[in-house]
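The data block below is final30.cif; it holds mmCIF, C-alpha atoms.
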```
data_model
loop_
_atom_site.label_atom_id
_atom_site.label_comp_id
_atom_site.auth_asym_id
_atom_site.auth_seq_id
_atom_site.Cartn_x
_atom_site.Cartn_y
_atom_site.Cartn_z
CA MET H 1 158.89 88.42 -15.74
CA THR H 2 157.48 90.79 -18.38
CA HIS H 3 156.04 94.26 -17.70
CA PRO H 4 152.50 93.28 -18.79
CA ALA H 5 152.61 90.33 -16.39
CA VAL H 6 153.62 92.67 -13.57
CA GLU H 7 150.86 95.13 -14.40
CA ALA H 8 148.32 92.32 -14.38
CA GLN H 9 149.37 91.16 -10.90
CA LEU H 10 150.42 94.39 -9.23
CA ASP H 11 146.98 95.35 -7.87
CA ALA H 12 146.31 91.89 -6.47
CA TYR H 13 149.77 92.00 -4.88
CA LEU H 14 149.20 95.39 -3.24
CA ASP H 15 145.74 94.28 -2.04
CA GLY H 16 147.26 91.18 -0.40
CA GLU H 17 145.32 88.89 -2.73
CA LEU H 18 148.23 87.29 -4.59
CA ALA H 19 149.27 83.73 -3.66
CA ALA H 20 152.59 83.59 -1.77
CA PRO H 21 154.76 82.03 -4.53
CA ASP H 22 153.50 84.56 -7.10
CA ALA H 23 154.02 87.40 -4.64
CA ALA H 24 157.63 86.28 -4.01
CA GLU H 25 158.33 86.20 -7.74
CA LEU H 26 156.82 89.64 -8.21
CA GLU H 27 158.84 91.13 -5.32
CA GLN H 28 162.00 89.75 -6.83
CA HIS H 29 161.21 91.47 -10.12
CA LEU H 30 160.29 94.77 -8.44
CA ARG H 31 163.70 94.84 -6.75
CA ALA H 32 165.44 94.40 -10.08
CA CYS H 33 163.30 96.63 -12.34
CA PRO H 34 163.21 100.41 -11.65
CA GLU H 35 160.37 100.98 -14.10
CA CYS H 36 158.06 98.48 -12.38
CA SER H 37 159.00 99.64 -8.91
CA ARG H 38 158.10 103.21 -9.98
CA LEU H 39 154.71 101.83 -11.03
CA GLU H 40 154.36 100.16 -7.64
CA ARG H 41 155.17 103.37 -5.75
CA ARG H 42 152.63 105.34 -7.79
CA ARG H 43 149.93 102.79 -7.13
CA ARG H 44 150.67 102.70 -3.39
CA ALA H 45 150.53 106.51 -3.30
CA LEU H 46 147.17 106.45 -5.08
CA SER H 47 145.67 104.02 -2.56
CA THR H 48 146.92 106.13 0.34
CA ALA H 49 145.47 109.28 -1.27
CA LEU H 50 142.12 107.58 -1.86
CA ARG H 51 141.87 106.36 1.73
CA ASP H 52 142.89 109.73 3.14
CA GLU H 53 141.09 112.09 0.81
CA LEU H 54 137.85 110.45 -0.29
CA PRO H 55 134.97 111.34 2.03
CA ARG H 56 132.98 108.68 3.85
CA PHE H 57 129.33 109.57 4.27
CA PRO H 58 127.79 108.80 7.67
CA ALA H 59 124.10 107.88 7.40
CA PRO H 60 122.02 110.96 8.39
CA ASP H 61 119.99 110.62 11.60
CA THR H 62 116.73 110.94 9.69
CA LEU H 63 117.73 108.00 7.46
CA ARG H 64 118.67 105.90 10.49
CA ALA H 65 115.31 106.71 12.09
CA GLY H 66 113.52 106.04 8.80
CA VAL H 67 115.10 102.61 8.39
CA ARG H 68 114.11 101.63 11.93
CA ALA H 69 110.59 102.99 11.51
CA GLY H 70 110.19 101.18 8.17
CA ALA H 71 111.33 97.89 9.69
CA ARG H 72 108.95 98.26 12.63
CA ALA H 73 106.00 99.20 10.46
CA GLU H 74 106.68 96.22 8.17
CA ALA H 75 107.05 93.89 11.15
CA GLY H 76 103.77 95.23 12.54
CA ARG H 77 102.00 94.67 9.21
CA ARG H 78 103.17 91.06 9.10
CA ALA H 79 102.15 90.40 12.68
CA ARG H 80 98.66 91.80 12.00
CA ARG H 81 98.27 89.60 8.93
CA ARG H 82 98.77 86.54 11.11
CA ALA H 83 96.46 87.20 14.03
CA PRO H 84 93.35 89.27 14.77
CA SER H 85 94.89 92.46 16.07
CA TRP H 86 94.16 94.35 19.25
CA GLY H 87 92.88 97.13 16.98
CA THR H 88 90.17 94.81 15.64
CA LEU H 89 89.34 93.70 19.15
CA ALA H 90 89.12 97.33 20.28
CA VAL H 91 86.67 98.17 17.50
CA ALA H 92 84.63 95.09 18.42
CA ALA H 93 84.66 96.22 22.05
CA SER H 94 83.48 99.74 21.19
CA LEU H 95 80.68 98.29 19.04
CA ALA H 96 79.65 96.17 22.01
CA LEU H 97 79.53 99.30 24.16
CA VAL H 98 77.23 100.99 21.63
CA ALA H 99 74.97 97.94 21.86
CA PHE H 100 74.87 98.41 25.62
CA GLY H 101 73.60 101.95 25.26
CA SER H 102 76.66 103.88 26.38
CA ARG H 103 76.45 105.65 23.06
CA GLN H 104 78.05 108.93 24.10
CA LEU H 105 81.08 107.33 25.69
CA ALA H 106 81.67 104.88 22.87
CA LEU H 107 81.42 107.56 20.16
CA ARG H 108 83.89 109.78 21.94
CA GLY H 109 86.21 106.78 22.28
CA ALA H 110 85.86 105.91 18.60
CA ALA H 111 86.61 109.50 17.57
CA GLY H 112 89.72 109.47 19.77
CA GLU H 113 90.66 106.14 18.22
CA ALA H 114 90.37 107.61 14.70
CA ILE H 115 92.58 110.58 15.62
CA THR H 116 95.14 108.27 17.24
CA ASN H 117 95.36 106.23 14.04
CA GLN H 118 95.64 109.34 11.86
CA VAL H 119 98.41 110.77 14.02
CA LEU H 120 100.32 107.47 13.96
CA ALA H 121 99.92 107.12 10.18
CA SER H 122 101.09 110.71 9.62
CA HIS H 123 104.12 110.17 11.80
CA VAL H 124 105.13 106.88 10.13
CA ARG H 125 104.62 108.36 6.68
CA SER H 126 106.75 111.37 7.58
CA LEU H 127 109.67 109.02 8.30
CA MET H 128 109.70 107.79 4.72
CA PRO H 129 112.34 109.60 2.65
CA GLY H 130 111.46 113.13 1.62
CA HIS H 131 108.31 113.36 3.73
CA LEU H 132 109.64 114.62 7.03
CA THR H 133 109.30 118.34 6.37
CA ASP H 134 107.81 120.80 3.91
CA VAL H 135 109.94 123.55 5.42
CA LEU H 136 113.35 122.37 6.57
CA SER H 137 114.81 124.70 9.17
CA SER H 138 116.04 124.61 12.73
CA ASP H 139 115.04 128.28 13.06
CA GLN H 140 111.66 128.78 14.72
CA HIS H 141 111.43 132.22 13.08
CA THR H 142 111.57 130.55 9.67
CA VAL H 143 109.23 127.67 10.47
CA LYS H 144 106.46 129.64 12.21
CA PRO H 145 105.89 132.23 9.42
CA TRP H 146 105.95 129.41 6.85
CA PHE H 147 102.52 128.34 8.10
CA ASN H 148 101.05 131.80 7.31
CA GLY H 149 98.42 131.50 4.64
CA LYS H 150 98.42 127.70 4.93
CA LEU H 151 96.52 127.45 8.21
CA ASP H 152 93.87 129.61 9.88
CA PHE H 153 95.99 129.77 13.02
CA SER H 154 99.64 130.46 13.79
CA PRO H 155 101.03 127.46 15.66
CA PRO H 156 103.42 127.84 18.59
CA VAL H 157 106.92 126.86 17.43
CA TYR H 158 109.87 126.47 19.79
CA ASP H 159 113.42 125.33 19.34
CA PHE H 160 114.70 123.10 22.13
CA ALA H 161 118.20 122.58 20.71
CA GLY H 162 119.62 123.74 24.05
CA ALA H 163 117.82 120.88 25.78
CA GLY H 164 118.87 118.32 23.17
CA PHE H 165 115.68 118.38 21.06
CA PRO H 166 116.61 120.46 18.00
CA LEU H 167 113.83 121.62 15.69
CA VAL H 168 114.11 119.97 12.25
CA GLY H 169 111.26 121.66 10.40
CA GLY H 170 107.53 121.75 9.82
CA ARG H 171 104.93 120.36 7.46
CA LEU H 172 101.18 120.42 6.86
CA GLU H 173 99.08 117.43 7.88
CA TYR H 174 95.38 116.65 7.75
CA VAL H 175 94.00 115.25 10.99
CA ASP H 176 90.49 115.07 12.42
CA GLY H 177 89.02 116.62 9.30
CA ARG H 178 91.15 119.76 9.28
CA PRO H 179 94.62 120.95 8.21
CA VAL H 180 96.97 120.98 11.19
CA ALA H 181 100.55 122.03 11.87
CA ALA H 182 103.12 119.25 12.27
CA LEU H 183 106.56 120.03 13.66
CA ALA H 184 109.51 117.65 13.55
CA TYR H 185 112.09 117.55 16.31
CA SER H 186 115.01 115.17 16.65
CA ARG H 187 116.68 113.42 19.55
CA ARG H 188 119.81 111.45 18.53
CA GLN H 189 118.51 109.18 15.75
CA HIS H 190 114.88 109.49 16.84
CA VAL H 191 112.33 111.76 15.22
CA ILE H 192 109.49 113.36 17.20
CA SER H 193 106.39 114.66 15.45
CA VAL H 194 104.25 117.29 17.18
CA PHE H 195 100.74 117.91 15.84
CA VAL H 196 98.96 121.11 16.90
CA TRP H 197 95.57 122.59 16.14
CA PRO H 198 93.20 124.97 17.93
CA ALA H 199 91.31 123.25 20.75
CA ALA H 200 87.64 122.62 20.10
CA GLN H 201 86.17 122.96 23.56
CA GLY H 202 88.84 125.03 25.29
CA ARG H 203 89.11 122.43 28.03
CA THR H 204 92.45 121.29 29.39
CA ALA H 205 93.36 117.62 29.58
CA GLY H 206 96.48 116.09 31.06
CA PRO H 207 98.86 114.11 28.86
CA ARG H 208 97.63 110.60 28.11
CA ALA H 209 99.98 108.06 26.56
CA THR H 210 99.32 105.07 24.37
CA THR H 211 101.68 102.77 22.47
CA ARG H 212 101.04 101.44 18.96
CA GLN H 213 103.41 99.43 16.76
CA GLY H 214 106.37 100.47 18.87
CA TYR H 215 105.52 104.18 18.77
CA HIS H 216 104.47 106.23 21.77
CA LEU H 217 101.62 108.67 21.27
CA LEU H 218 100.86 111.39 23.79
CA HIS H 219 97.90 113.70 23.78
CA TRP H 220 96.96 116.71 25.87
CA ALA H 221 94.98 119.89 25.50
CA THR H 222 95.59 123.43 26.64
CA PRO H 223 92.83 126.05 26.59
CA ALA H 224 94.17 127.15 23.19
CA TYR H 225 95.44 124.01 21.46
CA ALA H 226 95.07 120.27 21.09
CA TYR H 227 98.47 118.58 21.06
CA TRP H 228 99.57 115.15 19.83
CA VAL H 229 103.13 113.88 20.00
CA ALA H 230 104.37 110.71 18.25
CA SER H 231 107.81 109.11 18.43
CA ASP H 232 109.75 105.89 18.96
CA LEU H 233 111.79 107.70 21.60
CA GLY H 234 111.64 106.15 25.09
CA LEU H 235 108.67 107.29 27.16
CA ALA H 236 110.87 108.89 29.86
CA GLU H 237 112.67 111.18 27.41
CA LEU H 238 109.45 111.86 25.55
CA GLY H 239 108.00 113.00 28.88
CA ASP H 240 110.88 115.49 29.23
CA PHE H 241 110.10 116.79 25.77
CA VAL H 242 106.40 117.21 26.54
CA ALA H 243 107.30 119.10 29.72
CA LEU H 244 109.42 121.50 27.62
CA LEU H 245 106.51 122.09 25.24
CA GLN H 246 104.10 122.73 28.08
CA ARG H 247 106.56 125.09 29.76
CA GLY H 248 107.00 126.94 26.44
CA ASP H 249 103.24 127.37 26.16
CA SER H 250 102.67 128.59 29.69
CA ALA H 251 105.62 131.00 29.34
CA ALA H 252 104.04 132.39 26.20
CA ALA H 253 100.68 132.73 27.98
CA ALA H 254 102.33 134.41 30.98
CA ALA H 255 103.93 137.01 28.72
CA PHE H 256 100.45 138.30 27.86
CA ARG H 257 99.21 138.57 31.42
CA MET R 1 107.73 88.68 11.92
CA GLU R 2 108.59 87.88 15.51
CA SER R 3 109.92 90.76 17.57
CA SER R 4 113.09 88.69 18.15
CA GLU R 5 113.58 88.50 14.38
CA LEU R 6 113.10 92.27 14.14
CA GLU R 7 115.81 92.66 16.79
CA ARG R 8 118.10 90.31 14.88
CA PHE R 9 117.47 92.28 11.69
CA GLU R 10 118.33 95.55 13.41
CA ALA R 11 121.47 93.99 14.91
CA VAL R 12 122.63 92.80 11.46
CA VAL R 13 121.70 95.87 9.40
CA LEU R 14 121.95 99.01 11.56
CA PRO R 15 125.72 98.75 12.26
CA HIS R 16 126.40 98.91 8.51
CA LEU R 17 124.18 101.87 7.60
CA ASP R 18 127.19 104.19 7.24
CA ALA R 19 128.83 101.78 4.78
CA ALA R 20 125.50 101.36 2.98
CA TYR R 21 124.96 105.12 2.72
CA THR R 22 128.55 105.74 1.56
CA LEU R 23 128.18 103.19 -1.25
CA ALA R 24 124.76 104.58 -2.25
CA ARG R 25 126.12 108.13 -2.14
CA TYR R 26 128.98 107.24 -4.51
CA LEU R 27 126.72 105.32 -6.86
CA THR R 28 123.94 107.93 -7.08
CA ARG R 29 126.21 110.96 -6.55
CA ASN R 30 123.61 112.87 -4.56
CA ASP R 31 122.33 112.87 -0.98
CA HIS R 32 118.64 112.67 -1.64
CA ASP R 33 118.76 109.68 -4.00
CA ALA R 34 121.25 107.95 -1.71
CA GLN R 35 118.82 108.22 1.22
CA ASP R 36 115.95 106.88 -0.87
CA VAL R 37 118.10 104.00 -2.11
CA VAL R 38 119.19 102.96 1.39
CA GLN R 39 115.66 103.24 2.75
CA ASP R 40 114.33 101.15 -0.11
CA ALA R 41 117.19 98.66 0.21
CA SER R 42 116.57 98.20 3.92
CA LEU R 43 112.95 97.24 3.25
CA ARG R 44 114.11 94.77 0.61
CA ALA R 45 116.65 93.43 3.08
CA LEU R 46 113.86 92.88 5.59
CA ARG R 47 111.86 91.00 2.99
CA TYR R 48 114.78 88.67 2.19
CA PHE R 49 115.99 88.45 5.76
CA HIS R 50 114.62 84.97 6.43
CA GLY R 51 117.02 83.75 3.71
CA PHE R 52 120.06 85.37 5.33
CA ARG R 53 122.10 82.70 7.09
CA GLY R 54 125.23 84.68 7.87
CA ALA R 55 126.61 84.81 11.38
CA GLY R 56 129.45 87.35 11.38
CA SER R 57 129.38 91.13 11.02
CA ALA R 58 131.40 90.98 7.77
CA GLU R 59 128.78 88.72 6.20
CA GLY R 60 125.99 91.09 7.24
CA ARG R 61 127.87 93.99 5.69
CA ALA R 62 128.49 92.23 2.35
CA TRP R 63 124.87 91.06 2.27
CA LEU R 64 123.46 94.55 2.90
CA LEU R 65 125.89 96.21 0.47
CA ALA R 66 124.86 93.77 -2.29
CA ILE R 67 121.20 94.78 -1.80
CA VAL R 68 122.09 98.50 -1.70
CA ARG R 69 124.11 98.12 -4.89
CA ASN R 70 121.30 96.36 -6.75
CA THR R 71 118.75 98.89 -5.51
CA ALA R 72 120.95 101.77 -6.70
CA TYR R 73 121.29 100.23 -10.16
CA THR R 74 117.53 99.69 -10.40
CA TRP R 75 116.99 103.35 -9.44
CA GLN R 76 119.48 104.62 -11.99
CA ARG R 77 117.92 102.48 -14.72
CA ARG R 78 114.46 103.75 -13.89
CA ARG R 79 115.70 107.32 -13.79
CA ARG R 80 117.49 106.98 -17.11
CA ALA R 81 114.36 105.57 -18.71
CA ASP R 82 112.44 108.53 -17.30
CA THR R 83 114.73 111.33 -18.38
CA LEU R 84 116.59 109.82 -21.33
CA THR R 85 119.74 111.53 -20.13
CA THR R 86 123.05 109.76 -20.35
CA GLU R 87 124.62 109.57 -16.95
CA PHE R 88 127.84 108.06 -18.12
CA ASP R 89 129.38 108.43 -21.53
CA GLU R 90 132.39 106.15 -21.96
CA GLU R 91 133.85 108.19 -24.82
CA ARG R 92 133.53 111.51 -23.07
CA HIS R 93 134.67 110.34 -19.68
CA SER R 94 137.69 108.47 -20.93
CA GLU R 95 139.39 111.77 -21.75
CA SER R 96 141.40 113.19 -18.93
CA VAL R 97 139.90 116.04 -16.93
CA ALA R 98 142.66 118.40 -18.05
CA ASP R 99 141.96 117.79 -21.74
CA ARG R 100 138.39 119.00 -21.45
CA HIS R 101 138.83 121.83 -18.96
CA PRO R 102 142.20 123.57 -19.19
CA GLU R 103 141.13 125.69 -16.22
CA ALA R 104 140.64 122.51 -14.23
CA THR R 105 144.38 121.99 -14.03
CA VAL R 106 144.53 124.91 -11.62
CA GLU R 107 141.86 123.38 -9.45
CA ALA R 108 143.52 120.00 -9.71
CA ARG R 109 146.32 121.30 -7.53
CA SER R 110 144.01 120.50 -4.74
CA GLN R 111 144.45 116.75 -4.75
CA ARG R 112 141.21 116.16 -2.90
CA ALA R 113 139.11 118.04 -5.44
CA ALA R 114 140.83 116.25 -8.29
CA LEU R 115 140.29 112.85 -6.72
CA ARG R 116 136.62 113.47 -6.08
CA ARG R 117 136.11 114.67 -9.59
CA ALA R 118 138.01 111.70 -11.04
CA ILE R 119 135.92 109.26 -8.97
CA ASP R 120 132.66 110.86 -10.10
CA GLU R 121 133.74 110.51 -13.71
CA LEU R 122 134.46 106.79 -13.47
CA GLY R 123 131.78 104.41 -14.71
CA PRO R 124 129.71 102.99 -11.83
CA GLU R 125 131.20 99.51 -12.17
CA PHE R 126 134.67 101.02 -11.56
CA ARG R 127 133.50 103.47 -8.90
CA GLU R 128 131.96 100.70 -6.81
CA VAL R 129 135.08 98.51 -6.72
CA ILE R 130 137.18 101.51 -5.61
CA VAL R 131 134.72 102.39 -2.82
CA LEU R 132 134.36 98.77 -1.65
CA ARG R 133 138.11 98.14 -1.68
CA GLU R 134 139.65 101.45 -0.59
CA LEU R 135 136.97 102.85 1.74
CA GLU R 136 135.36 99.68 3.09
CA GLY R 137 138.38 97.38 2.88
CA LEU R 138 136.46 94.43 1.42
CA SER R 139 138.37 91.40 0.10
CA TYR R 140 138.17 90.49 -3.59
CA LYS R 141 135.85 87.60 -2.68
CA GLU R 142 133.51 89.93 -0.77
CA ILE R 143 133.52 92.47 -3.62
CA SER R 144 132.72 89.66 -6.06
CA ASP R 145 129.73 88.70 -3.87
CA VAL R 146 128.50 92.30 -3.63
CA ALA R 147 128.93 93.13 -7.33
CA GLY R 148 127.88 89.70 -8.58
CA VAL R 149 130.93 89.23 -10.82
CA PRO R 150 133.84 86.73 -10.71
CA VAL R 151 136.95 87.50 -8.63
CA GLY R 152 138.99 87.83 -11.84
CA THR R 153 136.67 90.61 -13.02
CA VAL R 154 137.01 92.39 -9.66
CA MET R 155 140.79 92.30 -10.08
CA SER R 156 140.79 93.65 -13.63
CA ARG R 157 138.21 96.38 -12.82
CA LEU R 158 140.27 97.55 -9.84
CA ALA R 159 143.43 97.68 -11.96
CA ARG R 160 141.65 99.60 -14.71
CA ALA R 161 139.96 102.01 -12.29
CA ARG R 162 143.25 102.80 -10.55
CA ARG R 163 145.03 103.34 -13.87
CA ARG R 164 142.32 105.83 -14.89
CA LEU R 165 142.54 107.65 -11.57
CA GLU R 166 146.30 107.95 -11.91
CA GLU R 167 145.88 109.41 -15.37
CA ALA R 168 143.23 111.85 -14.20
CA LEU R 169 145.41 113.06 -11.33
CA CYS R 170 148.37 113.58 -13.55
CA ALA R 171 147.94 116.65 -15.77
CA ASP R 172 151.21 116.16 -17.61
CA PRO R 173 151.90 112.50 -18.45
CA GLU R 174 155.63 113.24 -18.73
CA ASP R 175 155.77 113.91 -15.00
CA CYS R 176 154.09 110.73 -13.94
#
```
For the file at hand, write its structure as structure tokens.
Amino acid sequence: MTHPAVEAQLDAYLDGELAAPDAAELEQHLRACPECSRLERRRRALSTALRDELPRFPAPDTLRAGVRAGARAEAGRRARRRAPSWGTLAVAASLALVAFGSRQLALRGAAGEAITNQVLASHVRSLMPGHLTDVLSSDQHTVKPWFNGKLDFSPPVYDFAGAGFPLVGGRLEYVDGRPVAALAYSRRQHVISVFVWPAAQGRTAGPRATTRQGYHLLHWATPAYAYWVASDLGLAELGDFVALLQRGDSAAAAAFR
Amino acid sequence: MESSELERFEAVVLPHLDAAYTLARYLTRNDHDAQDVVQDASLRALRYFHGFRGAGSAEGRAWLLAIVRNTAYTWQRRRRADTLTTEFDEERHSESVADRHPEATVEARSQRAALRRAIDELGPEFREVIVLRELEGLSYKEISDVAGVPVGTVMSRLARARRRLEEALCADPEDC
């Protein structure tokens, strides 16, 4: 067996891809030829070094969440193309209500519907690569001042890392005809978006939940702020998160009393 | 898309996201592009999913990696057309690291740093066979499916890539 022939087969041999008779012939030569067996040892050492030293890159949680969100959004789009959606039916229903004269109620419902859709769209878009945050920081004292000069209010920003909901960052969104603060939190591979803006009427409203395209949306109002939360996280855990936010707000209010 | 098909898609694709991201990270050589590539590839995968007939986990992995690889190449092509920069220059990169940077021989004492540098300097067609074989443990047949080249080409690219890595790791050829 010649050296070039050994070189040509050595990698396949070491990778266990050489047919048995060829492998036997090669082994016989390696035993007899010090030069080729030195080559074999070097190549084995290289493979070991590569496996031990080269980093593997685990997919970041935001990517994992983004892939799932993208798949769900695409699946939702296809389902809607096939059948008249509940959204269409809901619009038809609210038009019917207008026709019945319950104008006030229907308009308020339609406005709520528009905000729900905007919040959902903002959340889904934020899961696409590079859109999650404008300011990337788990430090509330970095995120909160970032909004200065970008909004006409300073949004409440908390970090719940201790409770398993670390702050990821913040971004600007445009909802209900005004710029609003959006904060991103994470829970395992799930992303939670929180949208905050000053409350219009100063009336409180308890959390109300709705589910669209596999995402849960929760809305409530404090005397100071209107809150929307969107995530694919399970409703039970999302409830825990909302409770933390509400506790944070009432603690902040209590500090002033 | 039925919700059961969405579940099947997630069951096939999600377990291999680490492998997908690792391959994309080595091909693009930066985190941000790698994330974009995998995200884009997963949407393509969803689009082609009705054509995927595989049953086992290994088939799902090879199928996803093939899409990630093609997406990464499309990205690099588009980027190159945009910037007119040469990502890989065969002539330049075929020199050993030590020839170009005498100071690098000091750094090369750290084997890990030297290996990473040597991998980054390989052409993408050599880098991918090393990642698929050494990090993911794919067979030659699976690598040939992912890279879209014959098994014989996989074998010769692996041999050539390893020879280059050995050279790059060895500052003084007399010692090696």
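The residues caught by the PyMOL selection byres ((chain H) within 6 of (chain R)) in this file are Asp11, Arg51, Glu53, Arg56, Phe57, Pro58, Ala59, Val67, Ala75, Arg78, Ala79 and Pro129 of chain H.
Atom pair CA of Lys150 in chain H / CA of Pro179 in chain H has a distance of 8.4 Å (rounded to one decimal).
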Pairwise distance for CA of Ser37 in chain H and CA of Gly16 in chain H, rounded to one decimal in Å: 16.8 Å
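All residues of protein, DNA or RNA that reach within 8 Å of Ala199 in chain H, judged by only C-alpha atoms and not counting those fewer than 5 positions away in the chain, are Ala221, Thr222, Pro223, Ala224, Tyr225 and Ala226 of chain H.
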Take every atom of range 33-50 of chain R listed in the file, pad by 5 Å on each side, and give me the axis-aligned box centre and edge lengths in Å, one decimal, as AutoDock Vina command-line options.
```
--center_x 116.6 --center_y 97.3 --center_z 1.2 --size_x 19.4 --size_y 34.7 --size_z 20.4
```
Please write the residues picked by the PyMOL selection byres ((chain H and resi 70) around 8) on this file as a PDB file with C-alpha atoms, in the coordinates of the input.
```pdb
ATOM      1  CA  GLY H  66     113.520 106.040   8.800  1.00  0.00           C
ATOM      2  CA  VAL H  67     115.100 102.610   8.390  1.00  0.00           C
ATOM      3  CA  ARG H  68     114.110 101.630  11.930  1.00  0.00           C
ATOM      4  CA  ALA H  69     110.590 102.990  11.510  1.00  0.00           C
ATOM      5  CA  ALA H  71     111.330  97.890   9.690  1.00  0.00           C
ATOM      6  CA  ARG H  72     108.950  98.260  12.630  1.00  0.00           C
ATOM      7  CA  ALA H  73     106.000  99.200  10.460  1.00  0.00           C
ATOM      8  CA  GLU H  74     106.680  96.220   8.170  1.00  0.00           C
ATOM      9  CA  VAL H 124     105.130 106.880  10.130  1.00  0.00           C
ATOM     10  CA  LEU H 127     109.670 109.020   8.300  1.00  0.00           C
ATOM     11  CA  MET H 128     109.700 107.790   4.720  1.00  0.00           C
TER      12      MET H 128
ATOM     13  CA  GLN R  39     115.660 103.240   2.750  1.00  0.00           C
ATOM     14  CA  LEU R  43     112.950  97.240   3.250  1.00  0.00           C
TER      15      LEU R  43
END
```
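Each of H:Val180, H:Leu136, H:Leu167, H:Val157 was compared to Ile192 in chain H using only C-alpha atoms, and H:Leu167 turns out to be the nearest.
Here CA of Gln28 in chain H is placed at a distance of 29.4 Å from CA of Asp52 in chain H.
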Here's the selection I'm unsure about, the PyMOL selection byres ((chain H and resi 133) around 10); applied to the file above, which residues does it give, as a PDB file with C-alpha atoms, keeping the file's coordinate frame?
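Output file expr.pdb follows:
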```
ATOM      1  CA  SER H 126     106.750 111.370   7.580  1.00  0.00           C
ATOM      2  CA  LEU H 127     109.670 109.020   8.300  1.00  0.00           C
ATOM      3  CA  PRO H 129     112.340 109.600   2.650  1.00  0.00           C
ATOM      4  CA  GLY H 130     111.460 113.130   1.620  1.00  0.00           C
ATOM      5  CA  HIS H 131     108.310 113.360   3.730  1.00  0.00           C
ATOM      6  CA  LEU H 132     109.640 114.620   7.030  1.00  0.00           C
ATOM      7  CA  ASP H 134     107.810 120.800   3.910  1.00  0.00           C
ATOM      8  CA  VAL H 135     109.940 123.550   5.420  1.00  0.00           C
ATOM      9  CA  LEU H 136     113.350 122.370   6.570  1.00  0.00           C
ATOM     10  CA  SER H 137     114.810 124.700   9.170  1.00  0.00           C
ATOM     11  CA  VAL H 168     114.110 119.970  12.250  1.00  0.00           C
ATOM     12  CA  GLY H 169     111.260 121.660  10.400  1.00  0.00           C
ATOM     13  CA  GLY H 170     107.530 121.750   9.820  1.00  0.00           C
ATOM     14  CA  ARG H 171     104.930 120.360   7.460  1.00  0.00           C
ATOM     15  CA  LEU H 172     101.180 120.420   6.860  1.00  0.00           C
ATOM     16  CA  ALA H 182     103.120 119.250  12.270  1.00  0.00           C
ATOM     17  CA  LEU H 183     106.560 120.030  13.660  1.00  0.00           C
ATOM     18  CA  ALA H 184     109.510 117.650  13.550  1.00  0.00           C
TER      19      ALA H 184
END
```
Selection: 12 Å around Thr153 in chain R, all atoms listed in the file, excl. self and same-chain fewer than 6 positions, as a PyMOL selection string: (chain H and resi 8+12) or (chain R and resi 125-126+129+140-141+143-145+147+159-161)
Output file for the selection above: C-alpha atoms, as an mmCIF file, keeping the file's coordinate frame:
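Result file result_37.cif:
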```
data_model
loop_
_atom_site.group_PDB
_atom_site.id
_atom_site.type_symbol
_atom_site.label_atom_id
_atom_site.label_comp_id
_atom_site.auth_asym_id
_atom_site.auth_seq_id
_atom_site.Cartn_x
_atom_site.Cartn_y
_atom_site.Cartn_z
ATOM 1 C CA ALA H 8 148.320 92.320 -14.380
ATOM 2 C CA ALA H 12 146.310 91.890 -6.470
ATOM 3 C CA GLU R 125 131.200 99.510 -12.170
ATOM 4 C CA PHE R 126 134.670 101.020 -11.560
ATOM 5 C CA VAL R 129 135.080 98.510 -6.720
ATOM 6 C CA TYR R 140 138.170 90.490 -3.590
ATOM 7 C CA LYS R 141 135.850 87.600 -2.680
ATOM 8 C CA ILE R 143 133.520 92.470 -3.620
ATOM 9 C CA SER R 144 132.720 89.660 -6.060
ATOM 10 C CA ASP R 145 129.730 88.700 -3.870
ATOM 11 C CA ALA R 147 128.930 93.130 -7.330
ATOM 12 C CA ALA R 159 143.430 97.680 -11.960
ATOM 13 C CA ARG R 160 141.650 99.600 -14.710
ATOM 14 C CA ALA R 161 139.960 102.010 -12.290
#
```
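Among the candidate residues R:Val149, R:Leu27, R:Leu64, R:Leu132, the one lying nearest to Pro15 in chain R is R:Leu64, with distances computed using only C-alpha atoms.
Minimum distance to Glu113 in chain H across H:His29, H:Tyr13, H:Asp240, H:Asp176 (counting all atoms listed in the file) occurs at H:Asp176.
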Sphere at (97.1, 109.9, 23.4), radius 6 Å, counting only C-alpha atoms: residues as a ChimeraX atom specification: /H:208-210,217-219
Save out the residues we just selected, C-alpha atoms, as a PDB file, in the coordinates of the input.
```pdb
ATOM      1  CA  ARG H 208      97.630 110.600  28.110  1.00  0.00           C
ATOM      2  CA  ALA H 209      99.980 108.060  26.560  1.00  0.00           C
ATOM      3  CA  THR H 210      99.320 105.070  24.370  1.00  0.00           C
ATOM      4  CA  LEU H 217     101.620 108.670  21.270  1.00  0.00           C
ATOM      5  CA  LEU H 218     100.860 111.390  23.790  1.00  0.00           C
ATOM      6  CA  HIS H 219      97.900 113.700  23.780  1.00  0.00           C
TER       7      HIS H 219
END
```
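Closest approach to Cys36 in chain H among H:Ala121, H:Ala161, H:Leu244, H:Ala5 is made by H:Ala5 (distances from all atoms listed in the file).
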